[in-house]
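Next comes target28.txt, with compact mmCIF, C-alpha atoms.
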# COMPACT_ATOMS: atom_id res chain seq x y z
CA MET A 87 0.00 0.00 0.00
CA LYS A 88 1.30 3.45 -0.89
CA ARG A 89 1.99 5.33 2.34
CA PRO A 90 0.85 8.92 2.64
CA SER A 91 3.55 11.55 2.87
CA THR A 92 2.61 12.83 6.32
CA ARG A 93 4.34 13.37 9.64
CA THR A 94 2.30 10.61 11.27
CA SER A 95 4.54 8.98 13.85
CA SER A 96 3.00 5.55 13.43
CA LEU A 97 1.08 3.84 10.68
CA PRO A 98 -1.65 1.22 11.09
CA LEU A 99 -0.62 -2.35 11.59
CA ASP A 100 -1.13 -4.81 8.76
CA LEU A 101 -4.46 -6.55 9.21
CA THR A 102 -4.87 -10.29 8.63
CA PRO A 103 -7.78 -12.67 9.21
CA GLN A 104 -6.15 -13.70 12.49
CA GLY A 105 -5.74 -10.04 13.42
CA LEU A 106 -9.45 -9.49 12.83
CA ALA A 107 -10.22 -12.51 15.00
CA ASP A 108 -8.04 -11.09 17.79
CA HIS A 109 -10.29 -8.00 17.95
CA LEU A 110 -13.65 -9.82 17.76
CA LYS A 111 -14.10 -11.18 21.25
CA PRO A 112 -17.33 -12.35 22.96
CA GLY A 113 -19.26 -9.30 24.12
CA CYS A 114 -17.66 -7.09 21.48
CA ARG A 115 -19.93 -4.50 19.81
CA VAL A 116 -19.04 -3.99 16.15
CA TYR A 117 -20.12 -1.26 13.74
CA TRP A 118 -20.22 -2.61 10.19
CA PRO A 119 -21.58 -0.08 7.69
CA GLY A 120 -24.24 -0.82 5.11
CA CYS A 121 -24.58 -0.06 1.39
CA SER A 122 -21.18 0.10 -0.33
CA GLY A 123 -19.57 0.78 3.06
CA GLN A 124 -19.85 -2.92 3.91
CA SER A 125 -16.51 -4.54 3.11
CA PRO A 126 -16.80 -7.67 0.93
CA LEU A 127 -13.32 -8.68 2.15
CA PHE A 128 -14.35 -8.67 5.81
CA GLN A 129 -17.46 -10.62 4.82
CA ARG A 130 -15.29 -13.25 3.16
CA TRP A 131 -12.97 -13.49 6.17
CA LEU A 132 -15.93 -13.93 8.52
CA SER A 133 -17.50 -16.55 6.27
CA GLU A 134 -14.23 -18.50 6.13
CA SER A 135 -13.78 -18.37 9.93
CA PRO A 136 -17.29 -18.10 11.40
CA GLU A 137 -16.01 -18.77 14.91
CA MET A 138 -14.89 -15.12 14.89
CA ALA A 139 -18.53 -14.15 15.42
CA ASP A 140 -18.91 -16.08 18.69
CA GLY A 141 -20.63 -13.70 21.14
CA VAL A 142 -20.15 -10.66 18.88
CA GLU A 143 -22.90 -8.10 18.31
CA PHE A 144 -22.86 -6.53 14.82
CA CYS A 145 -24.72 -3.31 14.08
CA GLY A 146 -25.26 -1.46 10.83
CA VAL A 147 -27.81 0.16 8.58
CA TRP A 148 -28.04 -2.73 6.13
CA ILE A 149 -30.26 -2.03 3.14
CA PRO A 150 -32.77 -4.65 1.91
CA GLY A 151 -31.74 -6.06 -1.45
CA VAL A 152 -28.26 -4.51 -1.19
CA ASN A 153 -26.64 -5.92 1.94
CA ARG A 154 -27.61 -9.59 1.73
CA PHE A 155 -25.35 -10.96 4.49
CA ASP A 156 -26.73 -12.07 7.86
CA PRO A 157 -23.89 -12.01 10.41
CA THR A 158 -25.98 -13.98 12.91
CA ALA A 159 -25.85 -16.97 10.57
CA LEU A 160 -22.12 -17.27 11.28
CA HIS A 161 -22.39 -18.60 14.83
CA PRO A 162 -25.20 -19.54 17.24
CA ALA A 163 -23.96 -16.89 19.69
CA ALA A 164 -23.68 -14.08 17.12
CA ARG A 165 -26.11 -11.17 17.43
CA ALA A 166 -27.14 -8.22 15.27
CA LYS A 167 -28.94 -4.90 15.62
CA THR A 168 -30.62 -3.73 12.42
CA PHE A 169 -32.78 -0.81 11.31
CA PHE A 170 -34.32 -2.65 8.34
CA LEU A 171 -35.77 -6.11 8.91
CA SER A 172 -35.13 -7.52 5.44
CA ARG A 173 -35.89 -10.98 4.12
CA ASP A 174 -32.21 -11.86 4.48
CA LEU A 175 -32.40 -11.33 8.25
CA ARG A 176 -35.64 -13.26 8.79
CA ASP A 177 -33.95 -16.46 9.95
CA GLY A 178 -31.89 -14.57 12.52
CA TRP A 179 -35.02 -12.74 13.64
CA ALA A 180 -36.86 -16.05 14.06
CA ARG A 181 -34.00 -17.36 16.22
CA GLY A 182 -34.05 -14.25 18.39
CA ALA A 183 -30.55 -13.31 17.25
CA VAL A 184 -31.60 -10.14 15.41
CA ASP A 185 -32.91 -7.05 17.19
CA TYR A 186 -34.89 -4.70 14.94
CA LEU A 187 -34.95 -0.99 15.88
CA PRO A 188 -37.77 0.89 14.06
CA LEU A 189 -36.23 4.36 13.80
CA HIS A 190 -36.07 7.20 11.30
CA TYR A 191 -32.64 7.91 9.83
CA SER A 192 -32.39 11.14 11.82
CA GLU A 193 -32.84 9.12 15.02
CA ILE A 194 -30.60 6.23 13.93
CA VAL A 195 -27.67 8.61 13.54
CA ARG A 196 -28.19 9.83 17.11
CA GLN A 197 -28.15 6.24 18.35
CA LEU A 198 -24.90 5.49 16.55
CA ALA A 199 -23.29 8.70 17.79
CA VAL A 200 -23.49 7.81 21.50
CA PRO A 201 -19.89 7.93 22.81
CA GLY A 202 -18.47 4.47 23.40
CA ARG A 203 -21.34 2.83 21.50
CA PHE A 204 -18.95 0.47 19.67
CA ASP A 205 -15.77 -1.40 20.53
CA VAL A 206 -14.73 -2.02 16.92
CA LEU A 207 -15.44 -0.29 13.61
CA MET A 208 -14.95 -2.33 10.40
CA LEU A 209 -14.66 0.25 7.61
CA HIS A 210 -14.37 0.11 3.82
CA VAL A 211 -12.38 3.08 2.50
CA ALA A 212 -10.43 4.44 -0.45
CA PRO A 213 -6.60 4.59 -0.34
CA PRO A 214 -5.12 7.46 1.69
CA ASP A 215 -4.36 10.76 0.01
CA ALA A 216 -1.21 12.83 0.42
CA GLU A 217 -2.62 14.36 3.60
CA GLY A 218 -2.99 10.98 5.26
CA ARG A 219 -6.77 10.73 5.07
CA CYS A 220 -8.89 7.90 3.65
CA SER A 221 -12.10 8.89 1.89
CA LEU A 222 -15.26 7.09 2.95
CA ALA A 223 -15.79 6.85 -0.80
CA LEU A 224 -19.31 5.73 -1.77
CA ALA A 225 -20.87 5.42 1.69
CA ALA A 226 -20.61 8.46 3.95
CA ASP A 227 -24.02 8.16 5.55
CA PHE A 228 -23.66 6.86 9.13
CA THR A 229 -19.93 6.26 9.49
CA PRO A 230 -19.06 9.89 10.35
CA ALA A 231 -21.32 9.64 13.41
CA ALA A 232 -19.80 6.31 14.45
CA LEU A 233 -16.30 7.78 14.08
CA ALA A 234 -17.22 10.87 16.08
CA ALA A 235 -18.42 8.62 18.90
CA CYS A 236 -15.13 6.71 19.12
CA THR A 237 -13.32 6.76 22.43
CA PRO A 238 -9.54 6.19 22.72
CA GLU A 239 -10.33 2.51 23.35
CA THR A 240 -12.36 2.07 20.15
CA VAL A 241 -10.51 -0.01 17.56
CA VAL A 242 -10.86 1.16 13.95
CA LEU A 243 -10.09 -1.47 11.31
CA ALA A 244 -10.08 -0.69 7.60
CA HIS A 245 -10.27 -2.52 4.32
CA VAL A 246 -8.52 -0.12 1.93
CA ASN A 247 -9.93 -0.83 -1.51
CA PRO A 248 -8.09 0.73 -4.48
CA LEU A 249 -11.21 0.18 -6.59
CA LEU A 250 -13.10 2.75 -4.52
CA PRO A 251 -12.96 6.39 -5.66
CA ARG A 252 -11.92 9.27 -3.44
CA THR A 253 -14.93 11.52 -3.14
CA ASN A 254 -15.70 15.02 -1.92
CA GLY A 255 -16.87 14.20 1.58
CA PRO A 256 -16.02 12.75 4.98
CA THR A 257 -12.68 11.03 5.58
CA VAL A 258 -10.96 9.07 8.33
CA PRO A 259 -7.37 9.98 9.23
CA VAL A 260 -4.82 7.21 8.83
CA ALA A 261 -3.65 8.00 12.36
CA ARG A 262 -7.05 6.87 13.70
CA ILE A 263 -6.87 3.45 12.04
CA ALA A 264 -5.40 0.72 14.23
CA ALA A 265 -4.91 -1.85 11.46
CA TRP A 266 -5.61 -2.03 7.75
CA VAL A 267 -5.41 -4.29 4.75
CA GLU A 268 -5.28 -3.32 1.09
CA ALA A 269 -7.25 -5.51 -1.30
CA ALA A 270 -8.86 -4.74 -4.64
CA VAL A 271 -12.28 -6.33 -4.29
CA ALA A 272 -15.12 -5.41 -6.62
CA LEU A 273 -18.42 -4.45 -5.06
CA PRO A 274 -21.17 -7.00 -5.69
CA PRO A 275 -23.42 -5.83 -8.53
CA LEU A 276 -26.97 -4.83 -7.77
CA PRO A 277 -29.51 -7.31 -9.13
CA PRO A 278 -31.13 -6.07 -12.34
CA GLU A 279 -34.72 -4.94 -12.02
CA PRO A 280 -37.25 -5.87 -14.72
CA GLU A 281 -38.69 -3.29 -17.05
CA ASP A 282 -42.09 -2.02 -15.95
CA GLY A 283 -44.16 0.07 -18.34
CA ALA A 284 -46.57 1.07 -15.57
CA LEU A 285 -43.68 2.40 -13.48
CA ASP A 286 -42.44 4.40 -16.47
CA GLU A 287 -45.89 6.00 -16.63
CA VAL A 288 -45.73 6.72 -12.89
CA ALA A 289 -42.38 8.44 -13.48
CA ARG A 290 -43.86 10.65 -16.19
CA HIS A 291 -46.57 11.81 -13.81
CA VAL A 292 -43.96 12.49 -11.12
CA ALA A 293 -41.91 14.51 -13.62
CA SER A 294 -44.96 16.70 -14.26
CA LEU A 295 -44.77 17.84 -10.63
CA VAL A 296 -41.13 18.93 -10.99
CA ARG A 297 -40.14 22.40 -12.17
CA ASP A 298 -36.81 23.60 -13.52
CA GLY A 299 -34.54 24.61 -10.66
CA ASP A 300 -36.10 22.22 -8.12
CA THR A 301 -34.05 20.12 -5.70
CA LEU A 302 -34.95 16.43 -5.75
CA GLN A 303 -34.75 13.51 -3.32
CA PHE A 304 -35.40 9.89 -4.23
CA GLY A 305 -35.73 6.66 -2.35
CA LEU A 306 -34.06 3.39 -3.26
CA GLY A 307 -35.17 1.25 -6.20
CA ARG A 308 -36.13 1.34 -9.84
CA LEU A 309 -38.48 4.28 -9.29
CA GLN A 310 -35.45 6.56 -8.93
CA ALA A 311 -34.00 5.48 -12.28
CA CYS A 312 -37.35 5.84 -14.04
CA VAL A 313 -38.00 9.34 -12.69
CA LEU A 314 -34.47 10.54 -13.45
CA ASP A 315 -34.92 9.32 -17.02
CA ALA A 316 -38.24 11.17 -17.27
CA LEU A 317 -36.55 14.39 -16.09
CA SER A 318 -33.97 14.55 -18.88
CA GLY A 319 -35.74 17.53 -20.46
CA HIS A 320 -35.65 19.59 -17.24
CA ARG A 321 -32.87 22.04 -16.47
CA ASN A 322 -30.94 23.41 -13.49
CA LEU A 323 -31.98 20.54 -11.22
CA ARG A 324 -30.27 19.68 -7.95
CA LEU A 325 -30.30 16.48 -5.92
CA HIS A 326 -30.23 16.26 -2.14
CA ALA A 327 -30.70 12.66 -1.15
CA GLY A 328 -29.67 9.82 1.09
CA MET A 329 -28.71 7.84 -1.99
CA VAL A 330 -28.07 8.30 -5.72
CA SER A 331 -28.01 5.55 -8.35
CA ASP A 332 -27.11 4.94 -11.98
CA GLY A 333 -29.91 7.19 -13.20
CA LEU A 334 -27.76 10.17 -12.19
CA VAL A 335 -25.38 9.37 -15.06
CA GLN A 336 -28.11 9.83 -17.68
CA LEU A 337 -29.48 12.94 -15.98
CA HIS A 338 -26.02 14.51 -16.04
CA ALA A 339 -25.45 13.50 -19.67
CA ALA A 340 -28.77 15.13 -20.62
CA GLY A 341 -27.57 18.47 -19.21
CA ALA A 342 -30.37 18.59 -16.66
CA LEU A 343 -28.21 19.35 -13.61
CA ALA A 344 -27.32 22.77 -12.25
CA PRO A 345 -23.78 23.99 -13.07
CA ARG A 346 -20.79 22.50 -11.29
CA SER A 347 -19.58 24.42 -8.27
CA THR A 348 -16.81 24.04 -5.73
CA ALA A 349 -18.84 25.95 -3.15
CA ARG A 350 -22.15 24.25 -3.87
CA PRO A 351 -22.07 21.12 -6.02
CA PRO A 352 -25.48 20.37 -7.57
CA VAL A 353 -25.65 16.92 -5.94
CA CYS A 354 -25.44 16.19 -2.21
CA THR A 355 -25.80 12.58 -1.10
CA GLY A 356 -24.80 10.12 1.59
CA VAL A 357 -24.43 7.03 -0.61
CA ALA A 358 -23.88 6.12 -4.26
CA LEU A 359 -25.06 2.70 -5.44
CA GLY A 360 -24.30 1.74 -9.01
CA GLY A 361 -21.80 0.73 -11.65
CA ALA A 362 -18.48 2.03 -12.84
CA SER A 363 -19.91 5.05 -14.69
CA LEU A 364 -21.67 6.28 -11.56
CA GLN A 365 -18.62 5.67 -9.39
CA SER A 366 -16.50 7.71 -11.79
CA LEU A 367 -19.07 10.52 -11.92
CA VAL A 368 -19.47 10.90 -8.15
CA ALA A 369 -15.70 11.25 -7.77
CA GLU A 370 -16.00 14.68 -9.44
CA GLY A 371 -16.00 16.95 -6.43
CA GLU A 372 -17.53 19.97 -8.17
CA LEU A 373 -20.49 17.83 -9.17
CA VAL A 374 -21.14 15.65 -6.11
CA ARG A 375 -20.67 16.25 -2.40
CA PHE A 376 -21.02 13.42 0.13
CA ALA A 377 -22.27 14.12 3.64
CA GLY A 378 -23.42 12.24 6.73
CA VAL A 379 -27.03 11.64 7.72
CA GLU A 380 -26.68 14.17 10.53
CA TYR A 381 -26.64 16.76 7.70
CA THR A 382 -28.55 15.20 4.79
CA HIS A 383 -31.61 14.22 6.84
CA ALA A 384 -31.70 17.03 9.39
CA GLN A 385 -34.93 19.04 9.39
CA SER A 386 -32.89 22.23 9.67
CA THR A 387 -31.10 21.28 6.43
CA LEU A 388 -34.18 20.20 4.52
CA SER A 389 -36.47 23.06 5.50
CA ALA A 390 -33.79 25.52 4.31
CA ILE A 391 -33.78 24.07 0.76
CA PRO A 392 -36.38 25.87 -1.35
CA ASN A 393 -38.52 23.80 -3.72
CA LEU A 394 -37.45 20.46 -2.31
CA VAL A 395 -39.33 17.61 -4.02
CA ALA A 396 -39.14 14.30 -2.13
CA VAL A 397 -40.11 11.26 -4.22
CA ASN A 398 -40.53 7.94 -2.43
CA SER A 399 -42.39 4.70 -2.97
CA ALA A 400 -44.88 2.80 -0.83
CA LEU A 401 -46.32 -0.67 -0.45
CA GLU A 402 -49.87 0.52 0.33
CA ILE A 403 -51.83 3.76 0.75
CA ASP A 404 -55.24 3.75 2.40
CA LEU A 405 -58.19 6.06 1.76
CA PHE A 406 -57.36 8.12 4.84
CA GLY A 407 -53.95 8.88 3.34
CA GLN A 408 -51.91 6.62 5.63
CA VAL A 409 -48.89 4.97 4.02
CA ASN A 410 -47.42 1.53 4.64
CA CYS A 411 -43.76 1.28 3.65
CA GLU A 412 -42.63 -1.55 5.94
CA THR A 413 -44.84 -4.62 5.78
CA LEU A 414 -46.29 -6.94 3.16
CA GLY A 415 -49.25 -9.03 4.23
CA GLY A 416 -48.55 -7.93 7.79
CA ARG A 417 -45.00 -9.29 7.63
CA GLN A 418 -42.06 -6.92 8.19
CA ILE A 419 -39.87 -6.73 5.08
CA SER A 420 -38.14 -3.35 5.41
CA GLY A 421 -38.04 -0.29 7.66
CA VAL A 422 -38.98 3.38 7.72
CA GLY A 423 -35.48 4.57 6.79
CA GLY A 424 -35.28 8.22 5.79
CA LEU A 425 -38.76 8.38 4.29
CA VAL A 426 -40.49 10.38 7.01
CA ASP A 427 -37.48 12.71 7.42
CA PHE A 428 -37.72 13.70 3.77
CA VAL A 429 -41.51 13.83 3.61
CA ARG A 430 -41.61 16.27 6.52
CA GLY A 431 -38.58 18.15 5.24
CA ALA A 432 -40.14 18.67 1.81
CA ARG A 433 -43.43 19.83 3.31
CA SER A 434 -41.58 22.39 5.45
CA SER A 435 -39.54 23.61 2.47
CA VAL A 436 -40.74 26.82 0.81
CA GLY A 437 -42.36 25.56 -2.39
CA GLY A 438 -41.59 21.96 -1.42
CA ARG A 439 -43.61 18.90 -2.39
CA ALA A 440 -43.67 15.40 -0.90
CA VAL A 441 -44.56 12.70 -3.43
CA ILE A 442 -45.46 9.08 -2.74
CA ALA A 443 -45.33 7.16 -6.02
CA ALA A 444 -46.17 3.55 -6.86
CA THR A 445 -47.92 1.44 -9.43
CA SER A 446 -51.61 1.04 -8.66
CA VAL A 447 -51.42 -2.76 -8.42
CA ALA A 448 -48.84 -5.28 -7.24
CA GLY A 449 -48.18 -8.98 -7.61
CA ARG A 450 -49.51 -11.55 -10.03
CA ASP A 451 -52.94 -11.24 -8.47
CA ARG A 452 -52.94 -7.48 -9.26
CA ARG A 453 -53.90 -6.55 -5.72
CA SER A 454 -54.59 -2.86 -5.24
CA ARG A 455 -51.92 -0.75 -3.53
CA ILE A 456 -54.68 1.70 -2.65
CA VAL A 457 -56.72 -0.01 0.06
CA PRO A 458 -59.71 1.04 2.17
CA GLU A 459 -57.65 1.05 5.36
CA LEU A 460 -54.37 -0.41 6.52
CA ASN A 461 -55.22 -3.72 8.12
CA HIS A 462 -52.18 -4.16 10.31
CA ARG A 463 -50.56 -2.42 13.24
CA LEU A 464 -47.90 -0.30 11.51
CA THR A 465 -48.12 3.01 9.67
CA GLY A 466 -45.03 4.49 8.00
CA ILE A 467 -46.48 7.91 7.15
CA ALA A 468 -49.38 9.42 9.07
CA ARG A 469 -52.29 10.90 7.16
CA THR A 470 -51.30 14.33 8.49
CA ASP A 471 -48.04 14.13 6.52
CA ILE A 472 -49.50 13.07 3.18
CA ASP A 473 -49.13 15.35 0.15
CA HIS A 474 -49.16 13.96 -3.43
CA VAL A 475 -49.86 10.31 -4.33
CA VAL A 476 -48.93 9.26 -7.86
CA THR A 477 -49.79 6.11 -9.78
CA GLU A 478 -49.77 5.36 -13.51
CA HIS A 479 -53.36 6.69 -13.54
CA GLY A 480 -52.48 10.20 -12.40
CA VAL A 481 -51.78 12.46 -9.42
CA ALA A 482 -53.86 12.74 -6.26
CA SER A 483 -52.98 16.04 -4.59
CA LEU A 484 -54.17 15.66 -1.02
CA ARG A 485 -52.75 18.67 0.78
CA GLY A 486 -55.58 20.70 2.28
CA LEU A 487 -58.34 18.25 1.33
CA GLY A 488 -60.99 16.95 3.71
CA VAL A 489 -61.42 13.25 4.31
CA ASP A 490 -64.12 12.79 1.63
CA ALA A 491 -62.21 14.70 -1.01
CA ARG A 492 -58.95 12.85 -0.35
CA ALA A 493 -60.71 9.48 -0.53
CA ARG A 494 -62.23 10.45 -3.89
CA ALA A 495 -58.84 11.66 -5.16
CA LEU A 496 -57.15 8.41 -4.16
CA ILE A 497 -59.87 6.26 -5.71
CA ALA A 498 -59.44 8.22 -8.96
CA VAL A 499 -55.80 7.08 -9.27
CA ALA A 500 -56.46 3.48 -8.24
CA ALA A 501 -56.60 0.74 -10.86
CA PRO A 502 -59.98 0.94 -12.68
CA GLU A 503 -60.91 -2.62 -11.71
CA HIS A 504 -60.65 -1.74 -8.01
CA ARG A 505 -62.44 1.60 -7.95
CA ALA A 506 -65.98 0.32 -7.42
CA SER A 507 -64.99 -1.80 -4.42
CA LEU A 508 -62.99 1.10 -2.97
CA GLU A 509 -65.98 3.43 -3.33
CA ALA A 510 -68.20 0.92 -1.58
CA ALA A 511 -65.65 0.42 1.18
CA TRP A 512 -65.35 4.17 1.71
CA HIS A 513 -69.12 4.52 2.01
CA THR A 514 -69.08 1.96 4.82
CA LEU A 515 -65.97 3.39 6.49
CA ARG A 516 -67.37 6.91 6.44
CA GLN A 517 -70.38 5.82 8.44
CA SER A 518 -68.08 4.53 11.17
CA ILE A 519 -66.16 7.79 11.57
Would you mind giving the structure from this file in structure tokens?
Amino acid sequence: MKRPSTRTSSLPLDLTPQGLADHLKPGCRVYWPGCSGQSPLFQRWLSESPEMADGVEFCGVWIPGVNRFDPTALHPAARAKTFFLSRDLRDGWARGAVDYLPLHYSEIVRQLAVPGRFDVLMLHVAPPDAEGRCSLALAADFTPAALAACTPETVVLAHVNPLLPRTNGPTVPVARIAAWVEAAVALPPLPPEPEDGALDEVARHVASLVRDGDTLQFGLGRLQACVLDALSGHRNLRLHAGMVSDGLVQLHAAGALAPRSTARPPVCTGVALGGASLQSLVAEGELVRFAGVEYTHAQSTLSAIPNLVAVNSALEIDLFGQVNCETLGGRQISGVGGLVDFVRGARSSVGGRAVIAATSVAGRDRRSRIVPELNHRLTGIARTDIDHVVTEHGVASLRGLGVDARARALIAVAAPEHRASLEAAWHTLRQSI
């Protein structure tokens, strides 16, 4: 590994699988980042020597469909704390080895920032620069808070990956790293998502709500790519998001972004998830700035951004305007994440708009995403926070509407084959209010 030209009196020790094992003792609390901050090398080492996980508690913001590894599967005494209860963690949950914390991103970052919260940090970073600092590269979301909470006793371990780009954002000083290993390991590719003509139509309706000069936020998934493609004819757009994906490459190529700026790059994000073209693009510091969740999701940050348009998806919306973003058939499959932070931030922004977008039906049985009422215990977004709901059938603008008017607006964007039953259900529900 090329050593930085600094005055650092000591450099990190060389890290080996045995060295990692020496730090992972029973009772140890380990921070292991999610998204592209999760080291595939450390995952391989743990998988090859699962006894390392004996009595260890792992914690991270692991994203459903992205971080597919369950650390509790390594050893019967391994434990994990998670903020998304994904399908990949279901077995550990069933065994009682996984603890799910249902928190907004803005609250998660406070939890991770408690001094002394972790004994060990397992980081995934870019090679050090000439100043002796390693960029957090493509995942700067929660790690800055975990680093800030380190005590002198906290052990910071790093996988230095030369395939990761240095980005304009948070770094960790080499002097803070106890041991490191350099290994060029490619990030696992994201699974391809099937084409969906209905979702393309949803994206076109979302794009109709966006004006030139707006600042946009998107959630994870194909919806982001579809909407970014639909916005190629817009101009002077900015992005302020927890995550950006490959769709940013096409938006930039179309000339839709605001001008580059050292003082204020047009894109601010915590994470980048995508292929080589995206990774190259986000390394351009005048175009993209990375920041931690304590900034990207703070209400003080979001409310100060004029014309902030937050676009997120949902699993179900009921006729009262309540949104389910966590469960399917009553079974937990995800978490709230940053959804509510951005919905409330956009609504408090001058000229802001909060958009919930989804196809009107789901599954092979074409069940309606718009339902009479949520029939389980959890609500991701309260009806008091609802704004625009978009399906392939149009836009239901709910802000300021009474309960009858919002029910009619939602039924109008439901799938035609479900509208009659929804109208009948609303007639019955209304009598019970």
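Between atom CA of Ile442 of chain A and atom CA of Asn398 of chain A the separation is 5.1 Å.
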Box dimensions and centre (Å, one decimal) enclosing segment 433-452 of chain A, axis-aligned, 5 Å extra per side, as lines of an AutoDock Vina configuration file:
center_x = -46.2
center_y = 7.6
center_z = -2.3
size_x = 23.4
size_y = 48.4
size_z = 25.5
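The protein and nucleic acid residues lying at most 10 Å from Gly341 of chain A are A:Ser318, A:Gly319, A:His320, A:Arg321, A:Asn322, A:Leu323, with all atoms listed in the file considered and sequence neighbours fewer than 6 positions away removed.
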With C-alpha atoms retained, could you export that selection as a compact mmCIF listing (two decimals), keeping the file's coordinate frame?
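Okay, this is what ended up in again-v7.txt:
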# COMPACT_ATOMS: atom_id res chain seq x y z
CA SER A 318 -33.97 14.55 -18.88
CA GLY A 319 -35.74 17.53 -20.46
CA HIS A 320 -35.65 19.59 -17.24
CA ARG A 321 -32.87 22.04 -16.47
CA ASN A 322 -30.94 23.41 -13.49
CA LEU A 323 -31.98 20.54 -11.22
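Distance annotation: of A:Pro352, A:Pro278, A:Gly218, A:Pro162, the residue with the minimal separation from Pro259 of chain A is A:Gly218; atom set is only C-alpha atoms.
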Extract, using all atoms listed in the file, all DNA, RNA and protein residues at most 8 Å from His210 of chain A, discarding same-chain residues fewer than 2 positions from it, and format them as a ChimeraX atom specification.
-> /A:122-125,208,212,222,244-247
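Using all atoms listed in the file, the shortest contact distance between His383 of chain A and any of A:Glu143, A:Glu193, A:Glu268, A:Asp177 is found at A:Glu193.
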Hey, what's within 9 Å of Ala377 of chain A if we count all atoms listed in the file and toss same-chain stuff fewer than 6 positions away? As a VMD selection string, please?
-> chain A and resid 226 to 227 230 254 to 256 328 354 to 357
Atom-to-atom span, atom CA of Leu306 of chain A and atom CA of Ser399 of chain A, Å |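 The value is 8.4 Å.
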By how many Å are atom CA of Pro351 of chain A and atom CA of Phe376 of chain A apart?
->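 Here the two named atoms are 9.9 Å from each other.
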Nearest residue to Asn410 of chain A from the set A:Leu487, A:Val426, A:Leu508, A:Leu276 (distances using all atoms listed in the file) =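 Once distances to Asn410 of chain A are computed over all atoms listed in the file, the minimum belongs to A:Val426.
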With distances taken over all atoms listed in the file, which of A:Gly416, A:Gly360, A:Pro136, A:Pro150 is nearest to Asp174 of chain A?
->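 Among the listed residues, A:Pro150 lies closest to Asp174 of chain A.
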Using only C-alpha atoms, which of the listed residues (A:Ser435, A:Glu478, A:Pro251, A:Ala164) sits closest to Val368 of chain A?
->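 Looking at the shortest contact to Val368 of chain A, the residue is A:Pro251.
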